[in-house]
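As provided, data_22.cif (mmCIF, C-alpha atoms) reads as follows.
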data_target
#
loop_
_atom_site.label_atom_id
_atom_site.label_comp_id
_atom_site.auth_asym_id
_atom_site.auth_seq_id
_atom_site.Cartn_x
_atom_site.Cartn_y
_atom_site.Cartn_z
CA MET A 1052 19.75 -13.69 -14.56
CA LEU A 1053 22.02 -12.63 -11.76
CA SER A 1054 24.03 -9.48 -11.98
CA LYS A 1055 27.49 -10.14 -13.43
CA ALA A 1056 28.96 -8.52 -10.36
CA ARG A 1057 27.39 -11.31 -8.32
CA THR A 1058 29.58 -13.89 -9.96
CA ASN A 1059 32.44 -12.33 -8.00
CA VAL A 1060 30.80 -12.48 -4.60
CA PRO A 1061 33.31 -13.82 -2.11
CA LEU A 1062 32.02 -16.84 -0.24
CA ALA A 1063 32.67 -15.44 3.18
CA THR A 1064 34.29 -12.30 4.49
CA GLY A 1065 35.32 -11.21 7.93
CA GLU A 1066 35.15 -12.97 11.22
CA LEU A 1067 31.64 -12.00 12.27
CA GLN A 1068 29.97 -15.17 13.48
CA THR A 1069 26.30 -15.75 12.81
CA SER A 1070 25.78 -16.20 16.53
CA GLU A 1071 26.90 -12.63 17.15
CA VAL A 1072 24.31 -11.32 14.73
CA ASP A 1073 21.69 -13.61 16.22
CA ALA A 1074 22.50 -12.09 19.59
CA PHE A 1075 21.32 -8.63 18.52
CA PRO A 1076 18.33 -7.69 20.67
CA VAL A 1077 14.86 -7.62 19.14
CA TRP A 1078 13.01 -4.33 18.78
CA GLU A 1079 9.30 -3.82 18.35
CA VAL A 1080 7.97 -1.19 15.97
CA PHE A 1081 4.60 0.56 16.18
CA THR A 1082 3.24 2.78 13.43
CA GLN A 1083 0.37 5.23 13.22
CA LYS A 1084 -1.29 5.34 9.80
CA LYS A 1085 -2.79 8.78 10.19
CA GLU A 1086 -3.29 11.45 12.83
CA GLY A 1087 -5.80 10.30 15.42
CA ASP A 1088 -5.39 6.59 14.69
CA ALA A 1089 -3.96 4.30 17.36
CA HIS A 1090 -0.36 3.16 17.03
CA LEU A 1091 -0.47 -0.43 15.83
CA HIS A 1092 2.25 -3.04 16.11
CA ALA A 1093 3.94 -3.16 12.70
CA GLY A 1094 6.57 -5.79 13.32
CA SER A 1095 9.93 -6.44 14.84
CA LEU A 1096 13.54 -6.32 13.79
CA SER A 1097 16.92 -7.06 15.28
CA ALA A 1098 19.50 -4.33 15.75
CA PRO A 1099 22.54 -3.79 17.94
CA ASP A 1100 21.26 -0.54 19.49
CA ALA A 1101 18.48 2.06 19.52
CA SER A 1102 20.08 4.20 16.85
CA PHE A 1103 20.30 1.39 14.31
CA ALA A 1104 16.88 0.09 15.36
CA GLN A 1105 15.44 3.47 14.46
CA GLN A 1106 17.28 3.63 11.13
CA PHE A 1107 16.16 0.15 10.14
CA ALA A 1108 12.60 0.74 11.32
CA ARG A 1109 12.38 3.85 9.17
CA GLU A 1110 13.36 1.85 6.11
CA HIS A 1111 11.21 -1.18 6.88
CA TYR A 1112 7.99 0.28 8.16
CA GLY A 1113 7.82 3.92 7.28
CA GLN A 1114 8.56 6.57 4.74
CA ASP A 1115 6.47 5.16 1.94
CA GLN A 1116 3.45 7.19 2.95
CA GLU A 1117 2.63 4.33 5.22
CA CYS A 1118 2.57 6.13 8.54
CA VAL A 1119 2.77 9.51 10.23
CA SER A 1120 4.48 8.40 13.41
CA MET A 1121 6.61 5.53 14.58
CA TRP A 1122 7.60 4.19 18.00
CA VAL A 1123 10.48 1.81 18.50
CA GLY A 1124 11.40 -0.03 21.71
CA LEU A 1125 13.20 -3.12 22.92
CA ARG A 1126 11.00 -6.21 23.03
CA ASN A 1127 12.10 -6.85 26.62
CA THR A 1128 10.83 -3.41 27.60
CA PHE A 1129 7.29 -4.23 26.51
CA ILE A 1130 7.05 -7.45 28.47
CA ALA A 1131 9.06 -6.35 31.53
CA LYS A 1132 7.44 -6.42 34.94
CA ASP A 1133 10.11 -4.32 36.64
CA GLY A 1134 11.02 -0.72 35.88
CA GLU A 1135 10.96 2.79 37.27
CA SER A 1136 8.10 5.00 38.38
CA GLU A 1137 6.99 7.00 35.34
CA THR A 1138 4.46 7.28 32.52
CA TYR A 1139 3.90 4.11 30.51
CA GLU A 1140 2.38 3.72 27.08
CA VAL A 1141 0.08 0.70 27.15
CA PHE A 1142 -0.89 -1.65 24.35
CA VAL A 1143 -3.52 -4.37 24.16
CA ARG A 1144 -3.71 -7.33 21.82
CA TRP A 1145 -7.40 -8.17 21.87
CA LYS A 1146 -7.15 -11.63 20.39
CA ALA A 1147 -4.58 -14.24 19.48
CA GLY A 1148 -3.11 -13.56 16.07
CA GLY A 1149 -4.06 -9.88 16.31
CA ARG A 1150 -1.72 -6.93 16.67
CA HIS A 1151 -0.99 -4.93 19.78
CA GLU A 1152 -2.83 -1.64 19.69
CA HIS A 1153 -1.96 1.46 21.68
CA VAL A 1154 -4.82 2.22 24.04
CA GLY A 1155 -3.45 4.98 26.28
CA LYS A 1156 -1.04 6.02 29.03
CA VAL A 1157 -0.86 5.14 32.69
CA GLU A 1158 1.30 6.34 35.60
CA ALA A 1159 2.89 3.35 37.26
CA GLY A 1160 5.76 2.30 39.50
CA ASN A 1161 6.88 -0.56 37.24
CA GLY A 1162 5.86 -2.71 34.29
CA ALA A 1163 3.67 -5.06 36.32
CA GLU A 1164 1.70 -2.17 37.80
CA ALA A 1165 1.36 -0.57 34.38
CA LYS A 1166 -0.09 -3.81 33.04
CA ASN A 1167 -2.56 -4.04 35.91
CA LYS A 1168 -3.63 -0.44 35.45
CA CYS A 1169 -4.02 -1.00 31.73
CA THR A 1170 -6.33 -3.95 32.41
CA GLU A 1171 -8.42 -1.90 34.85
CA GLN A 1172 -8.66 1.21 32.72
CA PHE A 1173 -8.82 -0.07 29.19
CA ALA A 1174 -9.70 -3.74 29.20
CA ARG A 1175 -12.11 -4.06 32.14
CA GLU A 1176 -14.70 -6.75 31.51
CA LYS A 1177 -13.39 -7.20 28.01
CA GLU A 1178 -11.60 -10.20 26.66
CA PHE A 1179 -8.05 -9.66 25.65
CA TYR A 1180 -5.04 -11.76 24.83
CA THR A 1181 -1.93 -9.89 25.98
CA ILE A 1182 -0.87 -6.50 27.28
CA TRP A 1183 2.41 -4.74 26.58
CA THR A 1184 3.66 -1.66 28.38
CA ALA A 1185 6.63 0.60 27.79
CA PRO A 1186 7.94 3.49 29.87
CA ILE A 1187 8.00 6.60 27.67
CA SER A 1188 11.70 7.12 28.43
CA LYS A 1189 12.51 3.78 26.78
CA LEU A 1190 10.62 4.42 23.52
CA THR A 1191 12.12 6.18 20.52
CA LYS A 1192 9.35 8.26 19.01
CA ILE A 1193 9.70 9.51 15.47
CA ASP A 1194 7.00 11.98 14.59
CA GLY A 1195 5.91 13.63 11.39
CA ALA A 1196 6.61 17.12 12.62
CA THR A 1197 10.26 16.45 13.33
CA ASP A 1198 11.88 13.40 11.85
CA MET A 1199 9.50 11.59 9.60
CA ILE A 1200 10.31 12.06 5.95
CA TRP A 1201 7.76 10.99 3.38
CA ARG A 1202 8.80 9.48 0.15
CA GLU A 1203 6.24 11.37 -1.84
CA THR A 1204 8.61 12.35 -4.58
CA THR A 1205 8.88 9.07 -6.21
CA ASP A 1206 6.33 6.54 -7.29
CA GLN A 1207 6.92 3.61 -4.96
CA GLY A 1208 4.29 1.54 -6.75
CA TYR A 1209 6.95 -0.75 -8.11
CA ARG A 1210 7.45 -2.08 -4.60
CA LEU A 1211 3.93 -3.46 -4.48
CA PRO A 1212 2.35 -6.20 -6.57
CA ARG A 1213 -0.44 -3.85 -7.59
CA GLY A 1214 2.17 -1.46 -8.94
CA TYR A 1215 2.56 -3.83 -11.84
CA SER A 1216 -1.03 -4.84 -12.38
CA ARG A 1217 -2.22 -2.22 -14.86
CA ILE A 1218 0.64 -2.51 -17.30
CA VAL A 1219 0.85 -6.27 -16.97
CA ARG A 1220 -2.89 -6.57 -17.63
CA GLN A 1221 -2.60 -4.38 -20.71
CA LYS A 1222 0.16 -6.62 -21.99
CA TRP A 1223 -1.87 -9.76 -21.35
CA ASP A 1224 -4.91 -8.23 -23.01
CA ALA A 1225 -2.85 -7.34 -26.04
CA LEU A 1226 -1.33 -10.81 -26.16
CA ARG A 1227 -4.71 -12.55 -25.85
CA ALA A 1228 -6.25 -10.29 -28.49
CA GLU A 1229 -3.42 -11.17 -30.83
CA GLN A 1230 -3.87 -14.91 -30.16
CA ALA A 1231 -7.61 -14.62 -30.74
CA VAL A 1232 -7.04 -12.95 -34.08
CA ASN A 1233 -4.53 -15.65 -35.06
CA ALA A 1234 -6.92 -18.45 -34.06
CA TYR A 1235 -9.76 -16.80 -35.96
CA GLN A 1236 -7.62 -16.42 -39.06
CA GLU A 1237 -6.56 -20.06 -38.82
CA GLU A 1238 -10.19 -21.21 -38.62
CA ASP A 1239 -11.09 -18.85 -41.41
CA LEU A 1240 -8.38 -20.30 -43.60
CA LYS A 1241 -9.52 -23.89 -42.88
CA GLU A 1242 -13.07 -23.08 -43.88
CA THR A 1243 -12.05 -21.29 -47.02
CA PHE A 1244 -9.67 -23.91 -48.29
CA MET B 1173 5.99 23.86 -17.91
CA SER B 1174 7.21 27.25 -16.90
CA GLU B 1175 9.29 29.10 -19.43
CA LEU B 1176 12.96 28.26 -19.77
CA ASN B 1177 14.90 30.21 -22.38
CA LYS B 1178 16.22 27.91 -25.09
CA GLN B 1179 19.83 28.99 -24.55
CA PHE B 1180 19.70 27.34 -21.11
CA HIS B 1181 18.28 24.03 -22.32
CA GLU B 1182 21.54 22.23 -23.05
CA PRO B 1183 23.45 23.58 -20.01
CA LEU B 1184 20.62 22.60 -17.69
CA LEU B 1185 20.22 19.19 -19.32
CA ASN B 1186 23.91 18.61 -18.73
CA VAL B 1187 23.69 19.51 -15.04
CA LEU B 1188 20.66 17.24 -14.65
CA ARG B 1189 22.54 14.44 -16.42
CA CYS B 1190 25.30 14.67 -13.77
CA VAL B 1191 22.78 14.51 -10.92
CA ALA B 1192 20.63 11.74 -12.36
CA ASP B 1193 23.49 9.58 -13.67
CA ASP B 1194 25.19 9.70 -10.25
CA LYS B 1195 22.02 8.45 -8.61
CA LEU B 1196 21.18 5.85 -11.25
CA PHE B 1197 24.56 4.16 -11.10
CA LEU B 1198 24.96 4.43 -7.33
CA GLY B 1199 21.55 2.81 -6.89
CA HIS B 1200 22.43 0.16 -9.43
CA ARG B 1201 25.74 -0.71 -7.75
CA ASN B 1202 24.21 -0.67 -4.25
CA SER B 1203 21.51 -3.09 -5.35
CA ASP B 1204 24.29 -5.66 -5.75
CA TRP B 1205 24.01 -6.02 -1.97
CA THR B 1206 20.40 -7.16 -2.04
CA GLY B 1207 20.36 -10.58 -0.45
CA ILE B 1208 23.95 -10.58 0.72
CA ALA B 1209 24.47 -7.56 2.99
CA PRO B 1210 26.12 -8.43 6.32
CA ILE B 1211 22.89 -8.53 8.33
CA LEU B 1212 19.30 -8.97 7.22
CA GLU B 1213 18.08 -5.60 8.46
CA ALA B 1214 20.93 -3.79 6.74
CA ASP B 1215 20.17 -5.72 3.58
CA ILE B 1216 16.55 -4.57 3.50
CA ALA B 1217 17.44 -1.00 4.38
CA PHE B 1218 20.28 -0.74 1.86
CA SER B 1219 18.07 -2.19 -0.87
CA SER B 1220 15.35 0.28 -0.02
CA LEU B 1221 17.84 3.16 -0.23
CA ALA B 1222 19.14 1.84 -3.55
CA GLN B 1223 15.61 1.78 -4.96
CA ASP B 1224 15.23 5.30 -3.73
CA ASP B 1225 18.29 6.46 -5.63
CA ILE B 1226 17.05 4.85 -8.82
CA ALA B 1227 13.61 6.41 -8.33
CA HIS B 1228 15.24 9.81 -7.79
CA ALA B 1229 17.24 9.37 -10.98
CA SER B 1230 14.04 8.48 -12.79
CA ALA B 1231 12.35 11.67 -11.54
CA PHE B 1232 15.25 13.72 -12.93
CA TYR B 1233 15.14 11.90 -16.29
CA GLU B 1234 11.44 12.71 -16.47
CA LEU B 1235 12.21 16.34 -15.78
CA MET B 1236 14.77 16.26 -18.59
CA ASN B 1237 12.05 14.88 -20.82
CA THR B 1238 9.99 18.04 -20.26
CA ILE B 1239 12.91 20.06 -21.64
CA SER B 1240 14.18 17.85 -24.45
CA GLY B 1241 11.20 15.64 -25.20
CA GLU B 1242 13.50 12.63 -25.11
CA ASP B 1243 12.08 9.42 -23.65
CA PRO B 1244 13.26 8.99 -20.02
CA ASP B 1245 14.10 5.30 -20.54
CA GLN B 1246 16.15 6.20 -23.58
CA ILE B 1247 18.02 8.82 -21.56
CA ALA B 1248 18.64 6.37 -18.73
CA PHE B 1249 19.60 3.30 -20.76
CA GLY B 1250 20.09 4.29 -24.36
CA ARG B 1251 23.28 6.35 -24.38
CA THR B 1252 26.83 5.51 -25.34
CA ALA B 1253 29.41 5.55 -22.53
CA ASP B 1254 30.77 9.00 -23.36
CA ALA B 1255 27.30 10.55 -23.01
CA TYR B 1256 26.99 9.63 -19.32
CA ARG B 1257 28.05 12.31 -16.84
CA CYS B 1258 28.35 10.46 -13.53
CA ALA B 1259 31.48 10.72 -11.41
CA ASP B 1260 33.24 7.37 -11.46
CA ILE B 1261 33.09 6.93 -7.69
CA VAL B 1262 29.49 5.74 -8.12
CA THR B 1263 30.57 2.79 -10.24
CA LYS B 1264 33.87 2.05 -8.52
CA SER B 1265 33.61 -1.58 -7.49
CA ASP B 1266 33.27 -2.17 -3.77
CA ASP B 1267 34.61 -5.72 -4.18
CA PHE B 1268 31.78 -6.81 -1.91
CA ASN B 1269 33.54 -5.23 1.02
CA TRP B 1270 30.90 -3.60 3.21
CA ALA B 1271 33.28 -0.89 4.45
CA ASN B 1272 33.87 0.10 0.80
CA ALA B 1273 30.16 0.24 0.12
CA ILE B 1274 29.64 2.43 3.18
CA ALA B 1275 32.53 4.77 2.29
CA ARG B 1276 31.19 5.16 -1.27
CA GLN B 1277 27.66 5.70 -0.01
CA PHE B 1278 28.87 8.23 2.56
CA TYR B 1279 30.78 10.46 0.14
CA CYS B 1280 28.03 10.29 -2.50
CA ASN B 1281 25.03 10.75 -0.22
CA LEU B 1282 26.48 13.83 1.43
CA TYR B 1283 27.47 15.32 -1.89
CA ASP B 1284 24.01 14.65 -3.32
CA TYR B 1285 22.46 16.32 -0.30
CA HIS B 1286 24.40 19.57 -0.71
CA ARG B 1287 23.93 19.60 -4.48
CA LEU B 1288 20.17 19.12 -4.09
CA LEU B 1289 20.09 21.87 -1.48
CA ARG B 1290 21.52 24.24 -4.09
CA LEU B 1291 19.28 23.04 -6.89
CA SER B 1292 16.35 23.79 -4.55
CA ASN B 1293 17.17 27.48 -5.05
CA CYS B 1294 17.01 27.20 -8.83
CA THR B 1295 14.90 29.97 -10.36
CA TRP B 1296 13.32 27.53 -12.81
CA ALA B 1297 10.42 26.36 -10.64
CA PRO B 1298 10.02 22.74 -11.85
CA LEU B 1299 13.61 21.92 -10.87
CA ALA B 1300 13.45 23.84 -7.59
CA THR B 1301 10.29 21.97 -6.60
CA LEU B 1302 11.66 18.54 -7.47
CA ALA B 1303 15.02 19.21 -5.82
CA LYS B 1304 13.32 20.38 -2.61
CA ARG B 1305 11.27 17.21 -2.35
CA ILE B 1306 14.16 14.89 -3.13
CA CYS B 1307 16.43 16.81 -0.78
CA ALA B 1308 14.03 16.09 2.09
CA GLU B 1309 14.31 12.39 1.27
CA GLN B 1310 18.06 12.68 0.88
CA THR B 1311 18.32 13.61 4.57
CA VAL B 1312 17.22 10.03 5.31
CA HIS B 1313 20.17 8.73 3.28
CA VAL B 1314 22.54 11.09 5.08
CA ASP B 1315 21.21 10.00 8.49
CA HIS B 1316 21.36 6.34 7.60
CA VAL B 1317 24.91 6.30 6.29
CA GLY B 1318 25.88 8.57 9.19
CA SER B 1319 24.79 5.82 11.58
CA TRP B 1320 27.09 3.36 9.84
CA ILE B 1321 30.03 5.76 9.97
CA ASP B 1322 29.32 6.37 13.64
CA HIS B 1323 29.04 2.67 14.52
CA LEU B 1324 32.01 1.46 12.50
CA GLY B 1325 34.21 4.42 13.43
CA ASN B 1326 33.38 4.07 17.11
CA GLY B 1327 33.38 0.28 16.97
CA ASN B 1328 36.30 -2.06 17.57
CA ASP B 1329 39.84 -1.90 16.13
CA ASP B 1330 38.82 -4.11 13.21
CA SER B 1331 35.87 -1.96 12.14
CA LYS B 1332 37.86 1.26 12.61
CA GLN B 1333 40.68 0.01 10.47
CA ARG B 1334 38.40 -1.34 7.75
CA LEU B 1335 36.43 1.89 7.53
CA GLN B 1336 39.49 4.13 7.52
CA THR B 1337 41.08 2.04 4.76
CA ALA B 1338 37.91 2.27 2.68
CA LEU B 1339 37.61 6.02 3.26
CA ASP B 1340 41.23 6.44 2.14
CA ASP B 1341 40.75 4.24 -0.94
CA TYR B 1342 37.68 6.13 -2.08
CA ALA B 1343 38.90 9.65 -1.25
CA PRO B 1344 40.55 10.27 -4.66
CA TYR B 1345 37.36 9.11 -6.38
CA ALA B 1346 35.22 11.21 -4.04
CA SER B 1347 36.89 14.38 -5.24
CA MET B 1348 35.62 13.58 -8.76
CA LEU B 1349 32.10 14.31 -7.55
CA SER B 1350 32.92 17.98 -7.54
CA GLU B 1351 34.23 18.18 -11.10
CA LYS B 1352 32.35 21.10 -12.57
CA PRO B 1353 29.61 20.20 -15.08
CA ASP B 1354 29.89 21.89 -18.48
CA GLY B 1355 27.46 24.74 -18.83
CA ILE B 1356 26.96 25.45 -15.14
CA ASP B 1357 28.57 28.88 -15.50
CA THR B 1358 26.04 29.76 -18.22
CA LEU B 1359 23.30 28.87 -15.75
CA PHE B 1360 24.90 31.04 -13.03
CA GLU B 1361 25.32 33.98 -15.40
CA GLY B 1362 21.78 33.59 -16.68
CA GLY B 1363 20.40 33.57 -13.14
CA ILE B 1364 18.94 30.07 -13.52
CA LEU B 1365 21.12 28.65 -10.76
CA ILE B 1366 22.43 30.69 -7.86
CA ASP B 1367 26.19 30.54 -7.31
CA GLU B 1368 26.37 29.94 -3.57
CA GLY B 1369 30.13 29.57 -3.36
CA CYS B 1370 32.27 26.48 -3.34
CA LEU B 1371 30.17 23.33 -3.16
CA PHE B 1372 33.32 21.27 -2.60
CA THR B 1373 34.15 23.21 0.58
CA GLN B 1374 30.62 22.93 1.92
CA TRP B 1375 30.52 19.18 1.28
CA LYS B 1376 34.04 18.63 2.65
CA GLU B 1377 33.16 20.43 5.88
CA HIS B 1378 30.15 18.17 6.34
CA VAL B 1379 32.27 15.08 5.57
CA ASP B 1380 34.89 16.18 8.11
CA THR B 1381 32.29 16.90 10.78
CA VAL B 1382 30.67 13.47 10.53
CA LEU B 1383 34.02 11.68 10.32
CA GLY B 1384 35.36 13.73 13.23
CA THR B 1385 32.73 12.39 15.61
CA ALA B 1386 33.62 8.88 14.45
CA GLY B 1387 37.38 9.37 14.87
CA MET B 1388 37.92 8.94 11.11
CA LYS B 1389 39.69 11.12 8.54
CA ALA B 1390 39.42 11.79 4.82
CA HIS B 1391 42.02 13.49 2.66
CA ILE B 1392 40.08 14.86 -0.26
CA ASP B 1393 41.57 17.41 -2.65
CA ILE B 1394 39.82 19.64 -5.14
CA PRO B 1395 39.87 17.64 -8.39
CA SER B 1396 42.83 18.54 -10.59
CA ALA B 1397 41.62 16.75 -13.71
CA ARG B 1398 38.26 16.04 -15.29
CA GLY B 1399 36.86 12.62 -16.04
CA GLY B 1400 33.30 11.40 -15.55
CA ARG B 1401 31.68 14.80 -15.88
CA THR B 1402 33.11 15.09 -19.40
CA GLY B 1403 32.12 11.56 -20.38
CA ASN B 1404 35.58 10.13 -19.89
CA HIS B 1405 35.03 7.02 -17.76
CA ASP B 1406 37.08 4.17 -16.30
CA ASP B 1407 36.76 0.39 -16.70
CA ASP B 1408 34.47 -0.11 -13.71
CA PHE B 1409 32.02 2.30 -15.30
CA ALA B 1410 32.14 0.37 -18.57
CA LEU B 1411 31.28 -2.86 -16.72
CA SER B 1412 28.38 -1.21 -14.93
CA LEU B 1413 27.05 0.29 -18.12
CA THR B 1414 27.13 -3.01 -20.02
CA GLU B 1415 25.26 -4.66 -17.21
CA LEU B 1416 22.78 -1.81 -16.91
CA GLN B 1417 22.00 -1.87 -20.63
CA GLU B 1418 21.89 -5.63 -20.99
CA VAL B 1419 18.13 -6.03 -20.73
CA PHE B 1420 17.19 -2.73 -22.33
CA SER B 1421 19.35 -3.36 -25.36
CA THR B 1422 17.56 -6.66 -26.13
CA ASP B 1423 14.57 -4.56 -27.21
CA PRO B 1424 15.11 -0.80 -26.94
CA LEU B 1425 11.57 0.01 -28.06
CA ALA B 1426 9.79 -2.23 -25.57
CA ALA B 1427 7.45 -0.55 -23.10
CA TRP B 1428 8.43 -1.54 -19.57
#
Representation of the structure as C-alpha cells:
Amino acid sequence: MLSKARTNVPLATGELQTSEVDAFPVWEVFTQKKEGDAHLHAGSLSAPDASFAQQFAREHYGQDQECVSMWVGLRNTFIAKDGESETYEVFVRWKAGGRHEHVGKVEAGNGAEAKNKCTEQFAREKEFYTIWTAPISKLTKIDGATDMIWRETTDQGYRLPRGYSRIVRQKWDALRAEQAVNAYQEEDLKETF
Amino acid sequence: MSELNKQFHEPLLNVLRCVADDKLFLGHRNSDWTGIAPILEADIAFSSLAQDDIAHASAFYELMNTISGEDPDQIAFGRTADAYRCADIVTKSDDFNWANAIARQFYCNLYDYHRLLRLSNCTWAPLATLAKRICAEQTVHVDHVGSWIDHLGNGNDDSKQRLQTALDDYAPYASMLSEKPDGIDTLFEGGILIDEGCLFTQWKEHVDTVLGTAGMKAHIDIPSARGGRTGNHDDDFALSLTELQEVFSTDPLAAW
C-alpha cells in the first residue's frame, strides 16, 4: 500500500522540462574493491556538474563497504581524442559486454596519443574491445584516506536480496512444517474414523 | 555492557529517544520522495540517505535495548504519541516541494552532526563508540545536503527564491531541534556527557557559514517554548505516527 502522504503528490511542479534534465552530461564511475585491485567501471550517471556527480556517485556506487576508492569523470573525457599534454589514466575493456579496467598511466599529448600508448604498453598483441583514457586533472578521485566514508555502522543487508533470505527461509520452513502437521493430522483423522 | 549507574538510565534513555526519534521520522518522511524526486539520481541518493537515517535510528534503539531491555521494534513503533521525543521539524510536511525537503534536511542533518559529535565524547563507552561511527557517516549527509544548498542558492532567481522561502518557513521549526531533552543536566552533572557549551550556537554558526556561501539566510532563534522534546506534538507528527505504526499495529508481536 502506498504511503498516505503519496495520495497528496501534486501531478507536476515547477517549470523544469524533462529535456533539461536529459541534457545533463553523463559521468562514468570507477570503483576499486580493495587496495591493490584495479579500478573497474561501476556504471554511469547523469549530473549537472562534477560536484553533484561526485555526491551521486558516492550514494550509488560506494559507501556500503563496496569500494575503497572511486574515480568520477565525464564520459566525453574518456572517449576524447583531443586534450592537453599530461598524465592520463588508461582503461581497457577486453571484450564486448565486459567492463573497462584500469591498467595504468601514460604520459601523452592528447587523448588519441594516450590511447595509442595504452595499446602499445598494455594491450600489445592482445585482443581488446575498447580503450578509454582520462587526463588525471579531469578525474575526481575520492580515496579512503580522505573522503571515503564507510557505512559500517549499520547493517545494510536489507538493501540486498540475500539480506532477507535467512529470516524468510525460517518463516517458510515454519509454515511448511505447520502445513505438514495439519495434513498428517487430517490423514490420521480419516484413517481413524 | 560497561557499567552505567542506574540513576543515569532514564536520563540517558531520554536523550537517546530524542536522537533516534529525530532520525526515524526524518528518514520516514524523506522516503516519501522515493520514486518521485526531481531527477533520477537525486531520487536514488535521497532514498539511500533516508535508509541511512532509519538504520541509524535502529542502531540507537538497539543501544537503548541494552539499557532498558525493551525490544527495539517496540521502542520504534509501539509507543503512544506523547512518548516520542522528536522535534516536529522532522515530521513537518514538505508538501512535496523539493526546496522544503532540502531545507528540512539541511537544518536536521547539520544539527544531527553536531549532536553526534558531542555524544562521541560521552564517558559511557558504548554510546561514544556508536556516536563516533555514525558521526563519520553523518558527514556524508552534511556534504550531500550542502551541495544542494550550494547549487540552489547559487542557481537562478527561481531556485534562490524557492530555497530562501523554504529556509524561512522551516526556521521556526528548526529552532525546536535545540529544545533541551529532560535529564540532560543529570548526565552533565554525573559526568556521563560533557557539557561543551551551547549546541545551538555551534549548529547555528555552521548553518550560517554554509548558507553564507550560497547567498542564503536563516533567522533562527533559541527556542522559547518546548514541544516535541516533551512529547507535545503537532498534527503533522500525528499523521506521520499513524502511518508509521500502520503495519506494525496489525500484529505487534510479529517478528519482522
Matched chain/residue IDs from the PyMOL selection byres ((chain B) within 9 of (chain A)), as number ranges by chain: B: 1201, 1204-1205, 1208, 1210-1214, 1216-1218, 1220-1221, 1223-1224, 1227-1228, 1230-1231, 1265, 1267-1269, 1302, 1305-1306, 1308-1309, 1311-1312, 1315-1316, 1319-1320, 1323, 1411-1412, 1415, 1428
Selected residue, from A:Ala1234, A:Asn1167, A:Trp1183, A:Gly1148, that lies nearest to Phe1081 in chain A when counting all atoms listed in the file: A:Trp1183
Test item: residues at most 8 Å from Lys1166 in chain A, all atoms listed in the file, excluding those fewer than 5 positions along its chain, as a VMD selection string: chain A and resid 1141 1182 to 1184
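When the PyMOL selection byres ((chain B and resi 1394) around 9) is evaluated on the file shown here, the picked residues come out as Ser1347, Met1348, Ser1350, Glu1351, Phe1372, Thr1373, Ile1392, Asp1393, Pro1395 and Ser1396 of chain B.
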Among the residues A:His1090, A:Lys1156, A:Lys1177, A:Lys1085, the one that comes closest to Trp1122 in chain A [using only C-alpha atoms]: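 Smallest separation from Trp1122 in chain A among the options: A:His1090.
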Computed interatomic separation between CA of Tyr1112 in chain A and CA of Val1080 in chain A (Å): 7.9 Å
Hits from the PyMOL selection byres ((chain A and resi 1082) around 12), listed as a VMD selection string: chain A and resid 1079 to 1081 1083 to 1095 1108 to 1109 1111 to 1114 1116 to 1124 1150 to 1153 1191 to 1195 1199
Selection file, C-alpha atoms, as a compact mmCIF listing (two decimals), keeping the file's coordinate frame:
# COMPACT_ATOMS: atom_id res chain seq x y z
CA GLU A 1079 9.30 -3.82 18.35
CA VAL A 1080 7.97 -1.19 15.97
CA PHE A 1081 4.60 0.56 16.18
CA GLN A 1083 0.37 5.23 13.22
CA LYS A 1084 -1.29 5.34 9.80
CA LYS A 1085 -2.79 8.78 10.19
CA GLU A 1086 -3.29 11.45 12.83
CA GLY A 1087 -5.80 10.30 15.42
CA ASP A 1088 -5.39 6.59 14.69
CA ALA A 1089 -3.96 4.30 17.36
CA HIS A 1090 -0.36 3.16 17.03
CA LEU A 1091 -0.47 -0.43 15.83
CA HIS A 1092 2.25 -3.04 16.11
CA ALA A 1093 3.94 -3.16 12.70
CA GLY A 1094 6.57 -5.79 13.32
CA SER A 1095 9.93 -6.44 14.84
CA ALA A 1108 12.60 0.74 11.32
CA ARG A 1109 12.38 3.85 9.17
CA HIS A 1111 11.21 -1.18 6.88
CA TYR A 1112 7.99 0.28 8.16
CA GLY A 1113 7.82 3.92 7.28
CA GLN A 1114 8.56 6.57 4.74
CA GLN A 1116 3.45 7.19 2.95
CA GLU A 1117 2.63 4.33 5.22
CA CYS A 1118 2.57 6.13 8.54
CA VAL A 1119 2.77 9.51 10.23
CA SER A 1120 4.48 8.40 13.41
CA MET A 1121 6.61 5.53 14.58
CA TRP A 1122 7.60 4.19 18.00
CA VAL A 1123 10.48 1.81 18.50
CA GLY A 1124 11.40 -0.03 21.71
CA ARG A 1150 -1.72 -6.93 16.67
CA HIS A 1151 -0.99 -4.93 19.78
CA GLU A 1152 -2.83 -1.64 19.69
CA HIS A 1153 -1.96 1.46 21.68
CA THR A 1191 12.12 6.18 20.52
CA LYS A 1192 9.35 8.26 19.01
CA ILE A 1193 9.70 9.51 15.47
CA ASP A 1194 7.00 11.98 14.59
CA GLY A 1195 5.91 13.63 11.39
CA MET A 1199 9.50 11.59 9.60
Thr1181 in chain A surroundings by all atoms listed in the file, 9 Å radius, close-in-sequence under 3 positions cut, as an MDAnalysis selection string: chainID A and resid 1142:1147 1151
Keeping only C-alpha atoms, write those residues as a PDB file, in the coordinates of the input.
ATOM      1  CA  PHE A1142      -0.890  -1.650  24.350  1.00  0.00           C
ATOM      2  CA  VAL A1143      -3.520  -4.370  24.160  1.00  0.00           C
ATOM      3  CA  ARG A1144      -3.710  -7.330  21.820  1.00  0.00           C
ATOM      4  CA  TRP A1145      -7.400  -8.170  21.870  1.00  0.00           C
ATOM      5  CA  LYS A1146      -7.150 -11.630  20.390  1.00  0.00           C
ATOM      6  CA  ALA A1147      -4.580 -14.240  19.480  1.00  0.00           C
ATOM      7  CA  HIS A1151      -0.990  -4.930  19.780  1.00  0.00           C
TER       8      HIS A1151
END
Point-to-point distance from CA of Asp1225 in chain B to CA of Val1187 in chain B, Å rounded to tenths: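 Spanning CA of Asp1225 in chain B to CA of Val1187 in chain B is a straight-line distance of 17.0 Å.
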Coordinates-based distance that separates CA of Asn1127 in chain A from CA of Pro1076 in chain A (Å, one decimal): 8.7 Å
Where is the centre and how long are the edges: axis-aligned box on range 1288-1291 of chain B, 3 Å on each side, Å to one decimal, as lines of an AutoDock Vina configuration file:
center_x = 20.4
center_y = 21.7
center_z = -4.2
size_x = 8.2
size_y = 11.1
size_z = 11.4
